Amino acid sequence: MKYTSYISMIAGAVALSAIIPAGISAASAASMNFEIAFNQTETHPQFKALQMFAEGLKERTNGEYTAEVFPNELLGAQKETVEMTQTGTIAMSVAAASLLESWNSDFSVFNLPYLFNSIEDQKKVLNNPEIVGDLYKSVSDQSVIVLGSFTAGARSVYLKDRFVKTPADLAGQKIRVMQSDTNVQMMKHMGGVGIAMGQGEVYTAIQTGVLNGGENNEIVFSSLKHAEVAPHFSNTRHLMIPDYLVMNVDLYNGLPENIKTIVNEELAKAFDYEFDAFAEEAAKARADAEKVGAKFSDDVDMEAFRASVKPLIDSKLTNDVTKTIYQKIEALR
């Protein structure tokens, strides 16, 4: 890699430990660079937030600790970079919600439809240690810890030739969903047919009739040009899922306490920034989509959709952990 990984820094620090004066830790005797993998572009709000974290970390540690963000899957696809974080090849990676659900099914609670009424409600929960603290630590047996969450916005349905008001309007409509069984089930309950498919295939699939539409946030709708082939965007806002930032657990646990505090405080600022920045980018994306002919509808029967997915929600709340988290979220509404 172009940048020295944190593992080589730790090795150097250990070698120095035999000669540095008493009272100076090996970790503080050598600089350390955190490599962070990211699968989106430099214009994405999450990249900007991670850059903000890197700047704050460098400033507050006088350059002893730095971070380098690698966008555009430069270090590999997300599944690969999460595995690299587990093995300690890199320090951190952004991870999709479905990846963590595969390690601990309790994470499925944050992948449920209509969990939040708004992004503001989501913001109150995702980085609230009283609600998510134990859950975020629960994947330490996978060699990572969840440092916090970004918003991935609100996902809504868009179709080639019609708006959606009720579940009946989705009857027979083939909709691309994320590659998880929960999402396929969700679309079935919403009235449509969920087709799990990689994001890169969606434009052509809609264009050729393999799909009738998709479901995503405004940024993806515009940036991947789905507005050109499925211009009817209905604000179903059925999913507000997070993207997680995971870190190698041994690295995190080995940091001096004052550095842990700096890392956590600077990330808290970055997460807050990203929520606001995402909203701004979503508004801009909507305007860009409208310029190419997309139309947006708020005429959606949200209660009908909520009722349609309730059996799915009930089937996923299978233990005390998920039920307790769900109840805490409901109490904040």
# chains A, B, ... in the order shown; residues from 1 in each chain; ligands from 1
>>> residues_around(residues="Thr43 in chain A", least_positions_apart="6", cutoff="12 Å", atoms="only C-alpha atoms", output="number ranges by chain")
A: 49-51, 71-72, 219, 223, 274, 277-278, 281
>>> write_last_selection(atoms="N, CA and C atoms", output="tab-separated table (two decimals), in the first residue's frame")
chain	number	residue	atom	x	y	z
A	49	ALA	N	-17.36	13.48	5.93
A	49	ALA	CA	-17.36	13.34	7.39
A	49	ALA	C	-16.10	12.63	7.87
A	50	LEU	N	-15.67	11.61	7.14
A	50	LEU	CA	-14.45	10.88	7.52
A	50	LEU	C	-13.22	11.77	7.36
A	51	GLN	N	-13.23	12.62	6.34
A	51	GLN	CA	-12.14	13.58	6.18
A	51	GLN	C	-12.11	14.56	7.35
A	71	PRO	N	-11.41	6.32	-0.86
A	71	PRO	CA	-12.75	6.20	-1.44
A	71	PRO	C	-12.77	5.28	-2.65
A	72	ASN	N	-13.94	5.16	-3.27
A	72	ASN	CA	-14.09	4.49	-4.57
A	72	ASN	C	-13.60	3.04	-4.59
A	219	ILE	N	-30.06	10.52	-3.46
A	219	ILE	CA	-28.69	10.65	-3.97
A	219	ILE	C	-28.39	9.55	-4.97
A	223	SER	N	-27.62	10.17	-8.83
A	223	SER	CA	-26.23	9.97	-9.25
A	223	SER	C	-26.06	8.76	-10.15
A	274	GLU	N	-22.40	14.43	9.21
A	274	GLU	CA	-22.89	13.65	8.07
A	274	GLU	C	-24.40	13.64	7.98
A	277	ALA	N	-25.23	16.93	6.42
A	277	ALA	CA	-24.73	17.00	5.05
A	277	ALA	C	-25.53	16.09	4.12
A	278	PHE	N	-25.95	14.93	4.64
A	278	PHE	CA	-26.73	14.01	3.81
A	278	PHE	C	-28.05	14.66	3.41
A	281	GLU	N	-27.37	17.12	0.63
A	281	GLU	CA	-27.08	16.45	-0.63
A	281	GLU	C	-28.32	15.79	-1.23
>>> residues_around(residues="Phe275 in chain A", least_positions_apart="6", cutoff="12 Å", atoms="only C-alpha atoms", output="ChimeraX atom specification")
/A:44-46,48-49,118-124,126-127,149-154,240,242-243,268-269,281-282
>>> select_by_dssp(residues="range 234-330 of chain A", states="strand (DSSP E)", output="ChimeraX atom specification")
/A:234-239,242-248,295-297
>>> residues_around(residues="Phe34 in chain A", least_positions_apart="2", cutoff="8 Å", atoms="only C-alpha atoms", output="VMD selection string")
chain A and resid 5 to 6 32 36 65 to 68 90 to 92
>>> write_last_selection(atoms="C-alpha atoms", output="tab-separated table (two decimals), in the first residue's frame")
chain	number	residue	atom	x	y	z
A	5	SER	CA	-0.51	0.56	7.76
A	6	TYR	CA	-1.15	0.82	11.46
A	32	MET	CA	0.23	5.89	13.70
A	36	ILE	CA	-10.09	3.82	6.37
A	65	TYR	CA	-2.17	9.96	14.97
A	66	THR	CA	-3.48	10.47	11.45
A	67	ALA	CA	-6.10	8.89	9.21
A	68	GLU	CA	-6.24	8.37	5.47
A	90	ILE	CA	-6.38	-1.88	7.76
A	91	ALA	CA	-7.78	0.00	10.73
A	92	MET	CA	-11.36	0.84	9.74
>>> closest_residue(among="A:Phe296, A:Ser143, A:Gly209, A:Lys284", to="Gly88 in chain A", atoms="only C-alpha atoms")
A:Ser143
>>> closest_residue(among="A:Ile206, A:Ala230, A:Met84, A:Leu100", to="Val292 in chain A", atoms="only C-alpha atoms")
A:Ala230
>>> atom_distance(atom1="CA of Leu75 in chain A", atom2="CA of Gln199 in chain A")
18.9 Å
>>> closest_residue(among="A:Thr61, A:Ala307, A:Leu135, A:Asn117", to="Val321 in chain A", atoms="only C-alpha atoms")
A:Leu135
>>> atom_distance(atom1="CA of Leu245 in chain A", atom2="CA of Thr85 in chain A")
10.6 Å
>>> select_by_dssp(residues="range 200-252 of chain A", states="alpha helix (DSSP H)", output="ChimeraX atom specification")
/A:202-208,218-223,226-229,249-252
>>> atom_distance(atom1="CA of Ala196 in chain A", atom2="CA of Ile145 in chain A")
28.1 Å
